[in-house]
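A.B. asks: I am sharing entry-v6.csv, which consists of CSV, C-alpha atoms:
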chain,number,residue,atom,x,y,z
A,29,MET,CA,-97.6,51.7,-94.4
A,30,PRO,CA,-97.1,51.0,-98.2
A,31,ARG,CA,-93.7,51.6,-99.6
A,32,LEU,CA,-93.3,55.3,-100.3
A,33,LYS,CA,-90.7,57.2,-102.4
A,34,TYR,CA,-89.2,59.4,-99.7
A,35,VAL,CA,-90.2,57.8,-96.4
A,36,ALA,CA,-89.8,54.4,-94.8
A,37,ASN,CA,-90.8,52.9,-91.5
A,38,LEU,CA,-87.8,52.2,-89.2
A,39,ASP,CA,-88.7,48.5,-89.0
A,40,ARG,CA,-88.0,48.2,-92.7
A,41,LEU,CA,-84.5,49.5,-92.4
A,42,GLY,CA,-81.2,47.8,-91.7
A,43,MET,CA,-77.5,48.5,-91.8
A,44,GLY,CA,-77.5,48.1,-95.6
A,45,GLU,CA,-79.6,51.3,-95.8
A,46,SER,CA,-77.1,53.7,-94.2
A,47,GLU,CA,-76.4,55.4,-97.6
A,48,ARG,CA,-80.2,56.1,-98.0
A,49,PHE,CA,-81.2,56.8,-94.4
A,50,GLY,CA,-78.0,57.6,-92.5
A,51,GLY,CA,-76.2,55.6,-89.9
A,52,LYS,CA,-78.5,56.3,-87.0
A,53,ASN,CA,-81.7,55.4,-88.7
A,54,ALA,CA,-80.2,52.3,-90.2
A,55,SER,CA,-79.0,51.2,-86.8
A,56,LEU,CA,-82.4,51.8,-85.3
A,57,GLY,CA,-84.0,49.7,-88.0
A,58,GLU,CA,-81.4,47.0,-87.3
A,59,MET,CA,-82.2,47.1,-83.6
A,60,ILE,CA,-86.0,46.9,-84.1
A,61,GLY,CA,-85.6,44.0,-86.5
A,62,ARG,CA,-83.3,42.0,-84.4
A,63,LEU,CA,-84.4,42.8,-80.8
A,64,SER,CA,-88.1,42.6,-81.3
A,65,LYS,CA,-87.7,38.9,-81.9
A,66,ALA,CA,-86.2,38.7,-78.4
A,67,GLY,CA,-89.1,40.5,-76.8
A,68,ILE,CA,-87.2,43.8,-76.4
A,69,ARG,CA,-89.2,46.8,-77.3
A,70,VAL,CA,-87.7,49.7,-79.3
A,71,PRO,CA,-89.9,52.7,-80.1
A,72,GLY,CA,-91.0,52.7,-83.7
A,73,GLY,CA,-91.2,55.5,-86.2
A,74,PHE,CA,-90.3,56.4,-89.7
A,75,ALA,CA,-87.5,58.3,-91.5
A,76,SER,CA,-87.2,60.5,-94.6
A,77,SER,CA,-84.6,59.4,-97.0
A,78,ALA,CA,-81.4,61.2,-98.1
A,79,ASP,CA,-83.1,61.7,-101.5
A,80,ALA,CA,-85.8,63.7,-99.7
A,81,TYR,CA,-83.1,66.0,-98.4
A,82,ARG,CA,-81.5,66.3,-101.8
A,83,GLU,CA,-84.9,67.0,-103.4
A,84,PHE,CA,-85.6,69.6,-100.8
A,85,ILE,CA,-82.2,71.3,-101.0
A,86,GLY,CA,-82.3,71.3,-104.8
A,87,GLN,CA,-85.4,73.3,-105.3
A,88,GLY,CA,-85.5,77.0,-106.1
A,89,GLY,CA,-81.7,77.3,-106.5
A,90,LEU,CA,-81.2,76.7,-102.7
A,91,LYS,CA,-78.3,74.3,-103.2
A,92,ALA,CA,-76.5,76.8,-105.5
A,93,ARG,CA,-77.0,79.6,-102.9
A,94,ILE,CA,-75.6,77.4,-100.2
A,95,GLU,CA,-72.6,76.4,-102.2
A,96,ALA,CA,-71.9,80.1,-103.2
A,97,ARG,CA,-72.2,81.2,-99.6
A,98,LEU,CA,-69.7,78.5,-98.5
A,99,ASN,CA,-67.3,79.2,-101.4
A,100,GLY,CA,-64.2,80.9,-100.0
A,101,LEU,CA,-65.4,80.7,-96.4
A,102,ASP,CA,-62.5,80.9,-93.9
A,103,ALA,CA,-63.8,78.3,-91.4
A,104,ASP,CA,-61.2,79.5,-88.9
A,105,ASP,CA,-62.7,83.0,-88.8
A,106,VAL,CA,-65.3,82.4,-86.0
A,107,GLU,CA,-67.4,85.5,-86.8
A,108,ALA,CA,-67.5,84.8,-90.5
A,109,LEU,CA,-68.4,81.1,-89.8
A,110,ALA,CA,-71.2,82.2,-87.5
A,111,ARG,CA,-72.7,84.6,-90.1
A,112,CYS,CA,-72.4,82.0,-92.9
A,113,GLY,CA,-74.1,79.3,-90.8
A,114,ALA,CA,-76.9,81.6,-89.7
A,115,ASP,CA,-77.6,82.7,-93.3
A,116,ILE,CA,-77.8,79.1,-94.6
A,117,ARG,CA,-79.9,77.8,-91.7
A,118,GLY,CA,-82.3,80.7,-92.2
A,119,TRP,CA,-82.7,79.9,-95.9
A,120,ILE,CA,-83.4,76.2,-95.2
A,121,GLU,CA,-86.0,76.9,-92.5
A,122,ALA,CA,-87.8,79.4,-94.7
A,123,THR,CA,-88.0,76.9,-97.6
A,124,SER,CA,-91.2,74.8,-98.0
A,125,LEU,CA,-91.0,71.1,-98.3
A,126,PRO,CA,-91.9,69.7,-101.7
A,127,LYS,CA,-95.5,68.6,-101.8
A,128,GLN,CA,-94.9,64.9,-102.2
A,129,ILE,CA,-92.4,64.8,-99.3
A,130,GLU,CA,-94.8,66.7,-97.1
A,131,ALA,CA,-97.7,64.3,-98.1
A,132,GLU,CA,-95.6,61.2,-97.3
A,133,ILE,CA,-94.4,62.5,-94.0
A,134,SER,CA,-98.0,63.4,-93.1
A,135,GLN,CA,-99.2,59.9,-94.0
A,136,ALA,CA,-96.4,58.3,-92.0
A,137,TYR,CA,-97.0,60.5,-89.0
A,138,ARG,CA,-100.8,59.8,-88.9
A,139,GLU,CA,-100.1,56.1,-89.0
A,140,LEU,CA,-97.5,56.4,-86.2
A,141,THR,CA,-99.7,58.4,-83.9
A,142,GLY,CA,-103.1,57.0,-84.9
A,143,GLY,CA,-104.2,60.6,-85.3
A,144,ASP,CA,-103.5,61.5,-81.7
A,145,ASP,CA,-101.6,64.8,-81.6
A,146,GLY,CA,-100.9,64.3,-78.0
A,147,VAL,CA,-98.3,61.7,-78.9
A,148,SER,CA,-94.7,62.9,-78.3
A,149,VAL,CA,-92.1,62.1,-80.9
A,150,ALA,CA,-88.4,62.8,-81.3
A,151,VAL,CA,-87.3,64.3,-84.6
A,152,ARG,CA,-83.7,63.0,-85.0
A,153,SER,CA,-80.9,63.7,-87.4
A,154,SER,CA,-79.1,60.9,-89.2
A,155,ALA,CA,-76.3,61.8,-91.6
A,156,THR,CA,-75.1,59.6,-94.5
A,157,ALA,CA,-71.6,60.0,-93.2
A,158,GLU,CA,-71.4,59.5,-89.5
A,159,ASP,CA,-68.7,57.0,-88.6
A,160,LEU,CA,-65.9,56.8,-91.2
A,161,PRO,CA,-62.3,55.5,-90.8
A,162,ASP,CA,-60.9,59.0,-90.8
A,163,ALA,CA,-63.9,61.1,-89.7
A,164,SER,CA,-66.8,61.0,-87.3
A,165,PHE,CA,-69.8,63.3,-87.8
A,166,ALA,CA,-72.0,61.7,-85.2
A,167,GLY,CA,-73.6,64.2,-82.7
A,168,GLN,CA,-73.0,67.2,-84.9
A,169,GLN,CA,-76.6,67.6,-86.1
A,170,GLU,CA,-79.6,68.4,-84.0
A,171,THR,CA,-82.3,66.2,-82.5
A,172,PHE,CA,-85.6,67.7,-81.1
A,173,LEU,CA,-87.5,66.0,-78.3
A,174,ASN,CA,-91.2,66.1,-77.2
A,175,ILE,CA,-92.5,67.3,-80.5
A,176,ARG,CA,-96.3,67.1,-80.8
A,177,GLY,CA,-98.6,67.8,-83.7
A,178,LEU,CA,-97.9,67.5,-87.5
A,179,PRO,CA,-97.1,71.3,-88.0
A,180,ASN,CA,-94.4,71.1,-85.3
A,181,VAL,CA,-93.0,67.9,-86.7
A,182,MET,CA,-92.7,69.5,-90.2
A,183,ALA,CA,-90.9,72.5,-88.6
A,184,ALA,CA,-88.6,70.3,-86.6
A,185,LEU,CA,-87.7,68.3,-89.7
A,186,LYS,CA,-86.6,71.4,-91.5
A,187,ARG,CA,-84.6,72.5,-88.4
A,188,VAL,CA,-82.9,69.0,-88.5
A,189,PHE,CA,-82.1,69.7,-92.2
A,190,ALA,CA,-80.8,73.1,-91.3
A,191,SER,CA,-78.6,71.7,-88.6
A,192,LEU,CA,-76.3,70.1,-91.2
A,193,TYR,CA,-75.1,73.7,-91.5
A,194,ASN,CA,-74.5,74.6,-87.8
A,195,ASP,CA,-71.2,76.2,-87.3
A,196,ARG,CA,-69.4,73.2,-85.8
A,197,ALA,CA,-70.6,70.9,-88.7
A,198,ILE,CA,-69.5,73.4,-91.4
A,199,SER,CA,-66.1,73.8,-89.9
A,200,TYR,CA,-65.5,70.1,-89.4
A,201,ARG,CA,-66.5,69.3,-93.0
A,202,VAL,CA,-64.4,72.1,-94.4
A,203,HIS,CA,-61.3,70.7,-92.6
A,204,LYS,CA,-62.2,67.1,-93.6
A,205,GLY,CA,-63.0,67.9,-97.2
A,206,PHE,CA,-66.5,66.5,-97.0
A,207,GLN,CA,-68.5,69.7,-97.5
A,208,SER,CA,-70.8,68.6,-100.4
A,209,ALA,CA,-70.7,64.9,-99.8
A,210,VAL,CA,-73.1,64.6,-96.8
A,211,ALA,CA,-76.8,64.3,-97.0
A,212,LEU,CA,-79.3,64.0,-94.1
A,213,SER,CA,-82.2,61.7,-93.1
A,214,ALA,CA,-84.6,62.8,-90.5
A,215,GLY,CA,-86.0,60.1,-88.2
A,216,VAL,CA,-89.4,60.6,-86.4
A,217,GLN,CA,-89.5,58.2,-83.5
A,218,ARG,CA,-92.1,57.7,-80.8
A,219,MET,CA,-90.8,58.7,-77.4
A,220,ALA,CA,-91.0,56.4,-74.4
A,221,ARG,CA,-92.7,58.1,-71.5
A,222,SER,CA,-90.3,58.5,-68.5
A,223,ASP,CA,-93.2,58.0,-66.0
A,224,LEU,CA,-93.9,54.6,-67.5
A,225,GLY,CA,-90.5,53.3,-68.5
A,226,ALA,CA,-87.0,54.2,-69.3
A,227,SER,CA,-84.4,54.1,-72.1
A,228,GLY,CA,-80.7,54.8,-72.4
A,229,VAL,CA,-77.2,53.7,-73.4
A,230,MET,CA,-74.4,52.8,-71.1
A,231,PHE,CA,-70.7,52.8,-72.0
A,232,THR,CA,-68.0,51.0,-70.0
A,233,LEU,CA,-64.3,51.1,-70.6
A,234,ASP,CA,-61.7,48.4,-69.8
A,235,THR,CA,-58.7,50.6,-69.1
A,236,GLU,CA,-56.2,47.7,-69.0
A,237,SER,CA,-56.9,46.3,-72.5
A,238,GLY,CA,-58.2,49.6,-74.0
A,239,PHE,CA,-61.3,47.8,-75.4
A,240,ARG,CA,-64.6,49.5,-74.9
A,241,ASP,CA,-67.6,47.4,-74.0
A,242,VAL,CA,-70.9,48.9,-75.0
A,243,VAL,CA,-74.2,47.9,-73.5
A,244,PHE,CA,-77.4,49.1,-75.0
A,245,ILE,CA,-80.4,49.6,-72.7
A,246,THR,CA,-83.4,49.9,-75.0
A,247,ALA,CA,-86.8,51.4,-74.1
A,248,SER,CA,-89.2,49.4,-71.9
A,249,TRP,CA,-92.7,50.7,-71.2
Spit out the file's structure as structure tokens when you get a sec.

C.D. replies:
Amino acid sequence: MPRLKYVANLDRLGMGESERFGGKNASLGEMIGRLSKAGIRVPGGFASSADAYREFIGQGGLKARIEARLNGLDADDVEALARCGADIRGWIEATSLPKQIEAEISQAYRELTGGDDGVSVAVRSSATAEDLPDASFAGQQETFLNIRGLPNVMAALKRVFASLYNDRAISYRVHKGFQSAVALSAGVQRMARSDLGASGVMFTLDTESGFRDVVFITASW
């Protein structure tokens, strides 16, 4: 796929791209680049950039509406938080993607699937602030599995964008003072079929030393 403005293949990413494509997608690109040389197969895919999210959220006054809705929110009021989050997520999901972003995602999706709408993909969230010295945002946004067909991918991508404003994420950012500093990248990654292979991550903990040993088990199919 030629270089596009808002979308990049995962195999072109590395840890230096975390500001543009989020920590998760940058890590996936790093894994693909390093592990493929060792014969370990990591499912490929593509990702929209943080700039795509900013372009999307900046159209039609959407960003201003979100900021106004968040202004003065008492994040400790659970009912008010739930109403605020539901309003913002509804606005995002009802907003159309800009034409160029939609076209680039369509092109990348066709190249990933070879035009086969039976291919299952995961549409994954990857925030530009996930693991910081004094905050960890990982796991707060949504990922959607077994998505098939371009219209469903587009809908899932907007739901990923909207998940930046789920109740837990809003509350955490309010308390950490990061409310307007986070952008989102959406990764679209081919899924490994469980009947043909497996993938996963295993964590072990050395309780005596307190050091955690992490072993990654990547997909094999």

A.B. asks: Here is a test: counting all atoms listed in the file, which residue of A:Ser76, A:Ser64, A:Ser213, A:Asn53 is nearest to Glu132 of chain A?

C.D. replies: A:Ser76

A.B. asks: Enter the distance from atom CA of Ala197 of chain A to atom CA of Ser134 of chain A, in Å, rounded to one decimal.

C.D. replies: 28.7 Å

A.B. asks: Using all atoms listed in the file, which residues sit within 10 Å of Leu140 of chain A once same-chain residues fewer than 4 positions away are excluded, as a PyMOL selection string?

C.D. replies: chain A and resi 29+37+72-74+134-136+144+147+149+216-218

A.B. asks: Do you know which residues are at most 9 Å from Leu173 of chain A counting only C-alpha atoms, after dropping those on the same chain fewer than 5 positions away, and could you put them as a list of chain:residue names?

C.D. replies: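 Answer for this query is A:Ser148, A:Val149, A:Ala150, A:Val151, A:Arg152, A:Met219.
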
A.B. asks: For those residues, write C-alpha atoms to a file as a JSON list (two decimals), in the coordinates of the input.

C.D. replies:
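Saved the output as selection-v4.json:
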[["chain", "number", "residue", "atom", "x", "y", "z"],
["A", 148, "SER", "CA", -94.70, 62.90, -78.30],
["A", 149, "VAL", "CA", -92.10, 62.10, -80.90],
["A", 150, "ALA", "CA", -88.40, 62.80, -81.30],
["A", 151, "VAL", "CA", -87.30, 64.30, -84.60],
["A", 152, "ARG", "CA", -83.70, 63.00, -85.00],
["A", 219, "MET", "CA", -90.80, 58.70, -77.40]]

A.B. asks: Report as a list in words all protein, DNA and RNA residues lying within 6 Å of segment 176-187 of chain A, evaluated on all atoms listed in the file, omitting residues in the same chain fewer than 3 positions from it.

C.D. replies: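 Result of the neighbour search: Glu121, Asp145, Ser148 and Ala190 of chain A.
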
A.B. asks: Please return, as a ChimeraX atom specification, all polymer residues that have at least one atom within 12 Å of the point (-87.1, 78.7, -102.5); use all atoms listed in the file and the file's own coordinate frame.

C.D. replies: /A:83-94,118-126

A.B. asks: Please produce a file of the residues just selected, as a CSV table (one decimal), in the coordinates of the input, where the atoms kept are C-alpha atoms.

C.D. replies:
chain,number,residue,atom,x,y,z
A,83,GLU,CA,-84.9,67.0,-103.4
A,84,PHE,CA,-85.6,69.6,-100.8
A,85,ILE,CA,-82.2,71.3,-101.0
A,86,GLY,CA,-82.3,71.3,-104.8
A,87,GLN,CA,-85.4,73.3,-105.3
A,88,GLY,CA,-85.5,77.0,-106.1
A,89,GLY,CA,-81.7,77.3,-106.5
A,90,LEU,CA,-81.2,76.7,-102.7
A,91,LYS,CA,-78.3,74.3,-103.2
A,92,ALA,CA,-76.5,76.8,-105.5
A,93,ARG,CA,-77.0,79.6,-102.9
A,94,ILE,CA,-75.6,77.4,-100.2
A,118,GLY,CA,-82.3,80.7,-92.2
A,119,TRP,CA,-82.7,79.9,-95.9
A,120,ILE,CA,-83.4,76.2,-95.2
A,121,GLU,CA,-86.0,76.9,-92.5
A,122,ALA,CA,-87.8,79.4,-94.7
A,123,THR,CA,-88.0,76.9,-97.6
A,124,SER,CA,-91.2,74.8,-98.0
A,125,LEU,CA,-91.0,71.1,-98.3
A,126,PRO,CA,-91.9,69.7,-101.7
